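Novice: As input, take run35.cif (mmCIF, C-alpha atoms):
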data_target
loop_
_atom_site.label_atom_id
_atom_site.label_comp_id
_atom_site.auth_asym_id
_atom_site.auth_seq_id
_atom_site.Cartn_x
_atom_site.Cartn_y
_atom_site.Cartn_z
CA MET A 4 0.00 0.00 0.00
CA TYR A 5 2.79 2.41 0.94
CA PHE A 6 4.60 1.65 -2.37
CA LYS A 7 1.42 2.40 -4.34
CA LYS A 8 1.00 5.72 -2.53
CA LYS A 9 4.60 6.64 -3.35
CA LEU A 10 4.05 5.83 -7.03
CA LYS A 11 0.84 7.87 -7.09
CA PHE A 12 2.57 10.84 -5.46
CA LEU A 13 5.48 10.61 -7.94
CA PHE A 14 3.07 10.50 -10.88
CA LEU A 15 1.13 13.55 -9.66
CA PHE A 16 4.38 15.38 -8.95
CA MET A 17 5.69 14.76 -12.49
CA VAL A 18 2.36 15.88 -13.99
CA GLY A 19 2.58 19.05 -11.92
CA ILE A 20 6.15 19.73 -13.07
CA CYS A 21 5.11 19.20 -16.68
CA PHE A 22 2.19 21.59 -16.30
CA TRP A 23 4.43 24.19 -14.64
CA ARG A 24 7.01 24.05 -17.43
CA CYS A 25 4.43 24.06 -20.21
CA SER A 26 2.75 27.05 -18.57
CA GLU A 27 6.06 28.93 -18.45
CA VAL A 28 6.76 28.42 -22.16
CA SER A 29 3.45 30.06 -23.12
CA LYS A 30 3.91 33.21 -20.99
CA ASN A 31 4.18 36.56 -22.72
CA VAL A 32 5.65 38.88 -20.10
CA GLU A 33 4.82 42.57 -20.52
CA THR A 34 6.36 45.48 -18.61
CA ILE A 35 3.68 47.75 -17.15
CA GLU A 36 3.17 50.74 -14.89
CA PHE A 37 1.55 49.49 -11.69
CA SER A 38 1.10 50.70 -8.13
CA THR A 39 -0.58 49.03 -5.16
CA GLU A 40 -1.67 49.94 -1.66
CA TYR A 41 -0.70 46.49 -0.35
CA LYS A 42 2.40 46.65 1.83
CA PHE A 43 5.52 44.53 1.60
CA ASN A 44 6.51 42.66 4.76
CA SER A 45 9.43 45.03 5.32
CA GLN A 46 7.06 48.02 5.24
CA ILE A 47 4.71 46.43 7.77
CA GLN A 48 7.61 45.50 10.05
CA GLU A 49 9.08 48.98 9.87
CA LYS A 50 5.71 50.50 10.70
CA VAL A 51 5.36 48.25 13.77
CA LYS A 52 8.83 49.31 14.99
CA LYS A 53 8.03 53.01 14.68
CA ASP A 54 4.39 52.95 15.80
CA THR A 55 3.70 53.93 19.41
CA VAL A 56 -0.02 53.21 19.69
CA ALA A 57 -1.10 50.34 21.95
CA TRP A 58 -3.01 48.61 19.15
CA LYS A 59 -0.15 48.61 16.62
CA HIS A 60 -0.12 44.82 16.40
CA GLN A 61 -3.86 44.75 15.59
CA ILE A 62 -3.10 47.14 12.74
CA SER A 63 -0.20 45.04 11.46
CA ALA A 64 -2.32 41.88 11.69
CA ALA A 65 -4.91 43.51 9.43
CA ASP A 66 -2.15 44.67 7.06
CA TYR A 67 -0.81 41.12 6.75
CA ALA A 68 -4.32 39.69 6.30
CA SER A 69 -5.10 42.17 3.53
CA LYS A 70 -2.16 40.87 1.47
CA GLY A 71 -2.91 37.18 1.97
CA ASP A 72 -0.26 36.53 4.64
CA TYR A 73 -2.36 34.45 7.01
CA LYS A 74 0.51 33.12 9.12
CA ASN A 75 1.94 36.54 9.99
CA ALA A 76 -1.53 37.95 10.59
CA LEU A 77 -2.13 35.31 13.28
CA LEU A 78 1.30 35.86 14.85
CA GLN A 79 0.77 39.62 15.05
CA TRP A 80 -2.59 39.04 16.73
CA ASP A 81 -0.83 36.82 19.26
CA ASN A 82 1.45 39.77 20.03
CA ALA A 83 -1.57 42.01 20.46
CA MET A 84 -3.53 39.65 22.71
CA ARG A 85 -0.61 38.09 24.66
CA GLY A 86 -1.94 34.56 24.59
CA ARG A 87 -1.12 31.92 27.16
CA ASN A 88 -0.86 28.15 27.13
CA ARG A 89 -3.91 26.61 28.84
CA ASN A 90 -4.86 22.94 28.96
CA TYR A 91 -7.50 20.71 30.52
CA THR A 92 -6.60 17.85 32.80
CA PRO A 93 -6.85 14.25 31.51
CA PHE A 94 -10.02 13.80 33.58
CA GLN A 95 -11.58 16.92 32.04
CA LYS A 96 -10.63 15.75 28.55
CA ASP A 97 -12.24 12.35 29.09
CA SER A 98 -15.40 14.01 30.42
CA LEU A 99 -15.64 16.31 27.41
CA HIS A 100 -15.21 13.42 24.97
CA ALA A 101 -17.98 11.56 26.78
CA LEU A 102 -20.31 14.56 26.47
CA TYR A 103 -19.64 15.84 22.93
CA THR A 104 -18.87 14.65 19.41
CA ALA A 105 -17.40 16.87 16.69
CA VAL A 106 -19.54 16.94 13.52
CA PRO A 107 -19.12 19.04 10.32
CA ALA A 108 -20.28 22.58 11.00
CA LYS A 109 -21.68 23.25 7.54
CA HIS A 110 -24.38 20.57 7.71
CA THR A 111 -25.55 21.73 11.13
CA ILE A 112 -25.61 25.40 10.13
CA ILE A 113 -27.62 24.80 6.95
CA ALA A 114 -30.10 22.57 8.78
CA GLU A 115 -30.62 25.24 11.45
CA ALA A 116 -30.74 28.06 8.90
CA LYS A 117 -33.76 26.49 7.19
CA ASN A 118 -35.79 27.36 10.29
CA HIS A 119 -34.62 30.98 10.54
CA GLN A 120 -35.08 34.18 8.60
CA VAL A 121 -31.84 35.79 9.75
CA VAL A 122 -28.41 34.19 10.21
CA ILE A 123 -25.60 36.22 11.81
CA ILE A 124 -22.01 34.96 11.69
CA ASN A 125 -18.96 36.79 12.98
CA GLU A 126 -15.30 36.98 12.04
CA ALA A 127 -12.02 38.15 13.50
CA HIS A 128 -10.87 40.98 11.26
CA HIS A 129 -7.37 39.52 10.94
CA ASN A 130 -8.55 36.02 10.02
CA SER A 131 -9.06 35.37 6.30
CA MET A 132 -10.11 31.78 6.94
CA HIS A 133 -13.31 33.03 8.62
CA ARG A 134 -14.21 34.71 5.33
CA MET A 135 -13.43 31.54 3.43
CA PHE A 136 -15.74 29.59 5.74
CA THR A 137 -18.64 32.03 5.31
CA LYS A 138 -18.08 31.81 1.55
CA SER A 139 -18.35 28.01 1.76
CA LEU A 140 -21.87 28.38 3.21
CA LEU A 141 -23.25 30.67 0.51
CA GLU A 142 -24.40 28.20 -2.11
CA ASP A 143 -26.35 26.05 0.37
CA LEU A 144 -27.81 29.11 2.09
CA TYR A 145 -28.98 30.41 -1.28
CA THR A 146 -30.58 27.01 -1.97
CA VAL A 147 -32.62 27.23 1.25
CA GLY A 148 -33.86 30.72 0.43
CA TYR A 149 -31.32 33.31 1.58
CA ARG A 150 -31.11 36.23 -0.84
CA TYR A 151 -29.39 39.10 0.99
CA LEU A 152 -25.82 39.28 2.30
CA LEU A 153 -25.27 42.15 4.71
CA LEU A 154 -21.62 42.95 5.38
CA GLU A 155 -20.35 45.17 8.17
CA ALA A 156 -17.16 45.63 6.14
CA LEU A 157 -18.87 47.40 3.22
CA ALA A 158 -18.33 51.15 3.18
CA ASN A 159 -21.57 53.04 3.77
CA GLY A 160 -22.99 56.53 3.49
CA GLU A 161 -21.06 58.87 1.21
CA TYR A 162 -18.34 56.22 0.74
CA MET A 163 -20.71 53.42 -0.31
CA ASP A 164 -19.76 51.40 -3.39
CA ALA A 165 -23.04 52.01 -5.20
CA ASP A 166 -22.02 49.98 -8.27
CA LEU A 167 -21.00 46.80 -6.44
CA ASN A 168 -24.14 44.77 -7.25
CA THR A 169 -23.96 45.61 -10.96
CA ARG A 170 -20.16 45.50 -11.36
CA LYS A 171 -20.09 42.04 -9.70
CA TYR A 172 -16.66 42.39 -8.10
CA PRO A 173 -15.14 44.49 -5.30
CA VAL A 174 -12.70 47.35 -5.77
CA GLN A 175 -10.27 48.97 -3.34
CA GLN A 176 -12.93 51.51 -2.31
CA THR A 177 -15.56 48.86 -1.53
CA GLY A 178 -14.36 48.74 2.08
CA TYR A 179 -11.32 48.50 4.33
CA TYR A 180 -11.32 44.79 5.27
CA THR A 181 -12.74 43.81 1.88
CA LYS A 182 -9.27 44.46 0.37
CA ASP A 183 -8.31 41.01 1.65
CA PRO A 184 -8.47 38.69 -1.40
CA GLN A 185 -10.50 36.14 0.56
CA PHE A 186 -13.04 38.79 1.51
CA GLY A 187 -13.12 39.86 -2.12
CA ASN A 188 -13.78 36.27 -3.16
CA LEU A 189 -16.59 36.01 -0.61
CA ILE A 190 -18.17 39.03 -2.27
CA ARG A 191 -17.64 37.70 -5.82
CA THR A 192 -19.14 34.34 -4.93
CA ALA A 193 -22.20 35.90 -3.33
CA LEU A 194 -22.82 38.14 -6.33
CA ALA A 195 -22.34 35.27 -8.79
CA LEU A 196 -24.90 33.18 -6.89
CA GLY A 197 -27.49 35.97 -6.99
CA PHE A 198 -27.23 37.51 -3.53
CA THR A 199 -27.90 41.22 -3.14
CA LEU A 200 -25.12 42.79 -1.07
CA VAL A 201 -26.04 45.60 1.30
CA PRO A 202 -23.95 47.70 3.71
CA TYR A 203 -25.30 48.39 7.20
CA GLU A 204 -22.46 50.06 9.07
CA SER A 205 -23.28 53.34 10.78
CA SER A 206 -22.46 56.27 8.52
CA GLU A 207 -22.01 58.50 11.56
CA ASN A 208 -18.88 58.71 13.69
CA VAL A 209 -20.22 56.76 16.68
CA ASN A 210 -18.96 53.84 18.74
CA GLY A 211 -20.09 51.59 21.55
CA LYS A 212 -23.80 51.50 22.32
CA GLN A 213 -24.70 54.09 19.70
CA ARG A 214 -22.93 52.17 16.96
CA GLU A 215 -24.81 48.96 17.86
CA ILE A 216 -28.11 50.83 17.73
CA ALA A 217 -27.27 52.46 14.39
CA GLN A 218 -26.26 49.15 12.81
CA ALA A 219 -29.41 47.40 14.04
CA ARG A 220 -31.64 50.23 12.82
CA ASN A 221 -30.01 50.12 9.39
CA ILE A 222 -30.59 46.37 9.16
CA GLN A 223 -34.17 46.79 10.38
CA LYS A 224 -34.83 49.13 7.43
CA ILE A 225 -33.32 46.63 4.99
CA ILE A 226 -35.55 43.84 6.32
CA GLN A 227 -38.63 46.08 6.22
CA ASN A 228 -38.00 46.68 2.50
CA ASP A 229 -38.36 42.92 1.84
CA PRO A 230 -40.00 41.43 4.93
CA SER A 231 -40.46 37.91 3.56
CA ALA A 232 -36.82 37.49 2.48
CA LYS A 233 -34.00 35.70 4.27
CA PHE A 234 -30.84 37.54 5.34
CA LEU A 235 -27.25 36.49 6.07
CA ILE A 236 -25.29 39.00 8.14
CA HIS A 237 -21.48 38.79 8.38
CA CYS A 238 -20.09 40.96 11.17
CA GLY A 239 -17.02 41.37 13.34
CA PHE A 240 -16.32 39.93 16.78
CA ASP A 241 -18.92 40.78 19.48
CA HIS A 242 -21.64 42.26 17.27
CA VAL A 243 -23.05 38.74 16.87
CA LEU A 244 -23.72 38.22 20.59
CA GLU A 245 -27.19 37.87 22.05
CA GLY A 246 -28.00 38.86 25.63
CA ILE A 247 -26.59 41.65 27.79
CA HIS A 248 -23.17 42.89 26.74
CA ARG A 249 -20.70 44.04 29.39
CA SER A 250 -19.86 47.27 27.53
CA TRP A 251 -22.63 48.01 25.04
CA GLU A 252 -25.70 46.86 27.01
CA LYS A 253 -26.98 45.21 23.83
CA THR A 254 -25.10 44.34 20.67
CA MET A 255 -26.26 44.77 17.09
CA ALA A 256 -27.69 41.23 17.11
CA GLU A 257 -29.64 41.73 20.33
CA ARG A 258 -30.90 45.18 19.23
CA LEU A 259 -31.99 43.71 15.91
CA LYS A 260 -33.95 41.02 17.72
CA GLU A 261 -35.59 43.73 19.85
CA TYR A 262 -36.49 45.94 16.87
CA THR A 263 -37.72 43.25 14.44
CA LYS A 264 -38.97 40.53 16.83
CA ILE A 265 -36.95 38.08 14.70
CA ASP A 266 -34.81 35.59 16.62
CA PRO A 267 -31.62 35.15 14.54
CA LEU A 268 -29.40 32.10 14.30
CA THR A 269 -26.13 33.40 15.76
CA ILE A 270 -22.81 31.73 14.93
CA HIS A 271 -19.50 32.43 16.69
CA GLN A 272 -16.30 31.39 14.89
CA VAL A 273 -13.66 33.49 16.66
CA LEU A 274 -12.86 31.94 20.05
CA TYR A 275 -12.28 28.37 18.85
CA SER A 276 -10.06 29.26 15.91
CA GLU A 277 -6.31 28.68 15.87
CA LYS A 278 -3.76 31.18 17.11
CA GLY A 279 -0.41 31.89 15.46
CA ASN A 280 1.20 29.77 18.16
CA SER A 281 -0.95 26.65 18.55
CA GLN A 282 -0.05 26.48 22.25
CA PHE A 283 -2.27 29.54 22.67
CA ASN A 284 -5.30 27.77 21.17
CA HIS A 285 -8.34 27.51 23.38
CA PRO A 286 -8.00 24.31 25.46
CA LEU A 287 -11.32 23.03 24.11
CA LEU A 288 -9.96 23.22 20.56
CA LYS A 289 -6.94 21.16 21.67
CA VAL A 290 -9.14 18.46 23.22
CA PHE A 291 -11.05 17.49 20.08
CA HIS A 292 -8.25 17.56 17.47
CA ILE A 293 -10.57 19.11 14.89
CA GLN A 294 -9.87 17.99 11.29
CA THR A 295 -12.55 20.04 9.53
CA SER A 296 -14.67 23.03 10.56
CA SER A 297 -16.99 21.51 13.16
CA VAL A 298 -19.53 22.02 15.89
CA LEU A 299 -19.75 19.94 19.05
CA MET A 300 -22.95 17.95 19.39
CA ASP A 301 -24.15 16.54 22.70
CA LYS A 302 -25.96 13.23 23.25
CA ASN A 303 -29.32 14.94 22.67
CA LYS A 304 -28.18 16.28 19.26
CA LYS A 305 -27.97 19.83 20.60
CA PRO A 306 -25.02 21.92 19.40
CA PHE A 307 -22.52 23.40 21.84
CA PRO A 308 -23.20 27.17 22.12
CA TYR A 309 -20.80 30.03 22.72
CA LYS A 310 -21.27 31.63 26.15
CA ARG A 311 -19.55 34.54 27.84
CA GLY A 312 -21.03 36.17 30.91
CA GLU A 313 -24.60 37.17 30.08
CA THR A 314 -24.08 36.86 26.32
CA TRP A 315 -24.25 33.87 23.98
CA CYS A 316 -24.42 32.58 20.41
CA ASP A 317 -26.49 29.61 19.30
CA LEU A 318 -23.53 27.83 17.69
CA ALA A 319 -19.77 27.81 18.17
CA VAL A 320 -17.64 26.76 15.20
CA PHE A 321 -14.34 24.98 15.81
CA HIS A 322 -11.81 25.42 13.02
CA PRO A 323 -8.83 23.08 12.50
CA ASN A 324 -5.19 24.07 12.70
CA THR A 325 -3.78 25.10 9.35
CA ILE A 326 -1.17 23.07 7.51
CA TYR A 327 1.11 25.27 5.43
CA ILE A 328 2.13 24.45 1.87
CA ASP A 329 4.85 26.73 0.49
CA GLU A 330 4.10 29.00 3.48
CA ARG A 331 0.48 29.27 2.32
CA PRO A 332 -2.52 27.89 4.23
CA ASP A 333 -3.85 24.54 3.01
CA TRP A 334 -7.46 25.76 3.01
CA LEU A 335 -6.49 28.23 0.30
CA PHE A 336 -6.29 25.26 -2.09
CA GLN A 337 -9.72 23.91 -1.13
CA TYR A 338 -13.33 24.96 -1.82
CA GLY A 339 -12.82 24.74 -5.57
CA ASN A 340 -9.36 26.36 -5.67
CA GLN A 341 -6.34 24.72 -7.26
CA ARG A 342 -2.74 25.14 -6.18
CA VAL A 343 -1.17 26.97 -9.12
CA MET A 344 2.63 27.30 -9.09
CA ILE A 345 4.03 30.42 -10.77
CA ASP A 346 7.60 30.18 -12.08
CA LEU A 347 9.37 33.48 -11.46
CA THR A 348 12.91 32.47 -12.42
CA SER A 349 12.76 34.40 -15.71
CA ILE A 350 11.45 37.62 -14.10
CA LYS A 351 14.16 40.27 -14.43
CA MET A 352 13.77 42.44 -11.35
CA SER A 353 15.06 42.60 -7.80
CA PHE A 354 13.32 40.56 -5.12
CA PRO A 355 11.28 40.39 -2.93
CA VAL A 356 8.27 40.77 -5.18
CA MET A 357 4.55 40.72 -4.67
CA VAL A 358 2.52 38.44 -6.95
CA LEU A 359 -1.11 39.47 -7.47
CA ALA A 360 -3.71 37.50 -9.43
CA TYR A 361 -6.65 39.29 -11.07
CA ILE A 362 -9.56 37.79 -12.95
CA LYS A 363 -9.19 38.64 -16.62
CA GLY A 364 -11.71 41.35 -17.46
CA GLU A 365 -11.59 43.05 -14.06
CA ASP A 366 -9.77 46.38 -13.81
CA ILE A 367 -6.32 45.65 -12.34
CA LYS A 368 -5.98 49.30 -11.29
CA THR A 369 -8.97 49.15 -8.97
CA ALA A 370 -10.11 45.55 -8.39
CA VAL A 371 -9.39 43.48 -5.30
CA PRO A 372 -7.07 40.63 -6.40
CA VAL A 373 -8.26 37.05 -6.00
CA ASP A 374 -4.94 36.13 -4.37
CA ILE A 375 -1.69 37.78 -3.29
CA THR A 376 1.60 36.43 -2.03
CA GLU A 377 5.01 37.90 -1.38
CA VAL A 378 7.99 35.96 -2.75
CA ALA A 379 11.42 36.46 -1.20
CA THR A 380 13.71 35.14 -3.97
CA LYS A 381 13.57 33.88 -7.54
CA THR A 382 13.95 30.31 -6.34
CA THR A 383 11.21 30.54 -3.70
CA VAL A 384 8.18 28.47 -4.69
CA CYS A 385 5.26 30.75 -5.52
CA SER A 386 1.83 29.15 -5.08
CA LEU A 387 -1.53 30.79 -5.70
CA GLY A 388 -5.00 29.49 -4.88
CA LEU A 389 -7.08 29.91 -8.04
CA LYS A 390 -10.26 28.50 -9.52
CA LYS A 391 -10.60 27.44 -13.14
CA GLY A 392 -10.46 30.51 -15.34
CA SER A 393 -8.29 33.16 -16.98
CA TYR A 394 -6.13 35.53 -14.96
CA GLU A 395 -3.77 38.45 -15.25
CA ILE A 396 -0.74 37.90 -13.01
CA ILE A 397 1.12 41.00 -11.81
CA VAL A 398 4.63 40.76 -10.39
CA THR A 399 5.94 43.93 -8.75
CA ASN A 400 8.74 44.99 -6.43
CA GLY A 401 7.24 48.42 -5.92
CA LYS A 402 9.40 50.02 -8.59
CA GLN A 403 9.21 47.63 -11.52
CA SER A 404 6.17 45.62 -12.59
CA VAL A 405 5.35 43.02 -15.23
CA LYS A 406 2.13 41.31 -16.32
CA PHE A 407 1.37 37.98 -17.98
CA SER A 408 -1.67 35.76 -18.50
CA GLU A 409 -2.36 32.48 -16.69
CA THR A 410 -5.11 30.00 -17.53
CA VAL A 411 -6.22 27.46 -14.93
CA LYS A 412 -7.96 24.46 -16.45
#
Kindly present the structure from the file in structure tokens form.

Specialist:
Amino acid sequence: MYFKKKLKFLFLFMVGICFWRCSEVSKNVETIEFSTEYKFNSQIQEKVKKDTVAWKHQISAADYASKGDYKNALLQWDNAMRGRNRNYTPFQKDSLHALYTAVPAKHTIIAEAKNHQVVIINEAHHNSMHRMFTKSLLEDLYTVGYRYLLLEALANGEYMDADLNTRKYPVQQTGYYTKDPQFGNLIRTALALGFTLVPYESSENVNGKQREIAQARNIQKIIQNDPSAKFLIHCGFDHVLEGIHRSWEKTMAERLKEYTKIDPLTIHQVLYSEKGNSQFNHPLLKVFHIQTSSVLMDKNKKPFPYKRGETWCDLAVFHPNTIYIDERPDWLFQYGNQRVMIDLTSIKMSFPVMVLAYIKGEDIKTAVPVDITEVATKTTVCSLGLKKGSYEIIVTNGKQSVKFSETVK
């Protein structure tokens, strides 16, 4: 059996090498003028060194996430939150295994969503995988009747991207966090399926309680415009919580429930996600050795909820630890994406370079790329996560830039 596996791996490897070389022969590299707002690692690191604000690592985590650097985004968040290594005792672990079984989260969420009009799921703003997971739910949610996707991250008011639903892809001005390629792909997927995307963030400069009220009121108006429709809301961190919040009294989710009398399905995917250093993972995540995004189900088939003080969510999602391939997260090459290796050895410019992939037909001057990676040297393996289709690949070092086409079959 082992010998057969080795032969299969060798065959696939040789096919991959052949594809890579054949792809390189067909490239027509063109020098172009190109500028980007995405920062090189050295720029982010220099900014962290010079910055004096207490939340500088949160900022750098978002900067790394926006350019597709998932690993460094997590590590910077560790620096911001100062994680610690916590573990359950063997007795506690045995008790938890006796009480709960990990089952795929997607099936449970879709089954529950059928009985709700509103689903609210949160994200950590530095975690691109949360956006990938929400994207993975879209097709099934559309099948069971959901037609609106409300995103906290969409710019609103005078900055609103009014053409988003007709253009069918996000641009740099669509929002701040939406510059992350995985957030951009969440938006593209939703639009391609037929969702209507709507912003709901407060357009006034308010925070805390007033911001929660403004968000909920904006969503209430959206629901009132189509009261029989179903709505998916993707928000950040605590806005998803039901109950009494320790700082805001009531969050957006709880205010929305108060204003509309609709009880939403609330999904928390932040606490039980991996940290940059896996020792800092929540001890419950360590106990169950999660292999795929899961929820814990008790003996009565009731899902494990998220609870904190007087707040809660109906479901808690447990995400597995990432395996890195060429320093890129393994989940990037899932959900319909292929691992596409880009040969940069013939590129005549100084390294490091940033490699950005754009869907052919989208405006490379304004569009959010579908993937980005920074490559340190010419011999460093460059892997992109791309679906079948035609792409424009941009390689830039900030001073020089080239473009060539890539087709993924």

Novice: Please report the interatomic distance between atom CA of Thr410 of chain A and atom CA of Ile345 of chain A in Å with one decimal.

Specialist: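 Here the two named atoms are 11.4 Å from each other.
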
Novice: Given the file above and the PyMOL selection byres ((chain A and resi 32) around 8), which residues are selected, and can you give them as a PyMOL selection string?

Specialist: chain A and resi 30-31+33-34+405-407

Novice: I'd like a table as JSON lines: residues in segment 305-359 of chain A with an atom no more than 10 Å from segment 384-397 of chain A, each row giving the shortest atom pair and its distance in Å to one decimal, only C-alpha atoms counted, sorted by chain and rising residue number.

Specialist:
{"residue": "A:Ile328", "atom": "CA", "partner": "A:Ser386", "partner_atom": "CA", "distance": 8.4}
{"residue": "A:Asp329", "atom": "CA", "partner": "A:Val384", "partner_atom": "CA", "distance": 6.4}
{"residue": "A:Glu330", "atom": "CA", "partner": "A:Ser386", "partner_atom": "CA", "distance": 8.9}
{"residue": "A:Arg331", "atom": "CA", "partner": "A:Ser386", "partner_atom": "CA", "distance": 7.5}
{"residue": "A:Pro332", "atom": "CA", "partner": "A:Gly388", "partner_atom": "CA", "distance": 9.6}
{"residue": "A:Asp333", "atom": "CA", "partner": "A:Gly388", "partner_atom": "CA", "distance": 9.4}
{"residue": "A:Trp334", "atom": "CA", "partner": "A:Gly388", "partner_atom": "CA", "distance": 9.1}
{"residue": "A:Leu335", "atom": "CA", "partner": "A:Gly388", "partner_atom": "CA", "distance": 5.5}
{"residue": "A:Phe336", "atom": "CA", "partner": "A:Gly388", "partner_atom": "CA", "distance": 5.2}
{"residue": "A:Gln337", "atom": "CA", "partner": "A:Gly388", "partner_atom": "CA", "distance": 8.2}
{"residue": "A:Tyr338", "atom": "CA", "partner": "A:Lys390", "partner_atom": "CA", "distance": 9.0}
{"residue": "A:Gly339", "atom": "CA", "partner": "A:Lys390", "partner_atom": "CA", "distance": 6.0}
{"residue": "A:Asn340", "atom": "CA", "partner": "A:Lys390", "partner_atom": "CA", "distance": 4.5}
{"residue": "A:Gln341", "atom": "CA", "partner": "A:Leu389", "partner_atom": "CA", "distance": 5.3}
{"residue": "A:Arg342", "atom": "CA", "partner": "A:Gly388", "partner_atom": "CA", "distance": 5.1}
{"residue": "A:Val343", "atom": "CA", "partner": "A:Leu387", "partner_atom": "CA", "distance": 5.1}
{"residue": "A:Met344", "atom": "CA", "partner": "A:Ser386", "partner_atom": "CA", "distance": 4.5}
{"residue": "A:Ile345", "atom": "CA", "partner": "A:Cys385", "partner_atom": "CA", "distance": 5.4}
{"residue": "A:Asp346", "atom": "CA", "partner": "A:Cys385", "partner_atom": "CA", "distance": 7.0}
{"residue": "A:Leu347", "atom": "CA", "partner": "A:Cys385", "partner_atom": "CA", "distance": 7.7}
{"residue": "A:Thr348", "atom": "CA", "partner": "A:Val384", "partner_atom": "CA", "distance": 9.9}
{"residue": "A:Val356", "atom": "CA", "partner": "A:Ile397", "partner_atom": "CA", "distance": 9.8}
{"residue": "A:Met357", "atom": "CA", "partner": "A:Ile397", "partner_atom": "CA", "distance": 7.9}
{"residue": "A:Val358", "atom": "CA", "partner": "A:Ile397", "partner_atom": "CA", "distance": 5.7}
{"residue": "A:Leu359", "atom": "CA", "partner": "A:Ile397", "partner_atom": "CA", "distance": 5.1}

Novice: May I have the residues within 8 Å of Gln403 of chain A as a ChimeraX atom specification, using only C-alpha atoms and disregarding those fewer than 5 positions away in the same chain?

Specialist: /A:34-37,352

Novice: Tell me which of A:Pro107, A:Gly364, A:Gly312, A:Pro286 sits closest to Thr92 of chain A, counting all atoms listed in the file.

Specialist: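 Closest to Thr92 of chain A, using all atoms listed in the file: A:Pro286.
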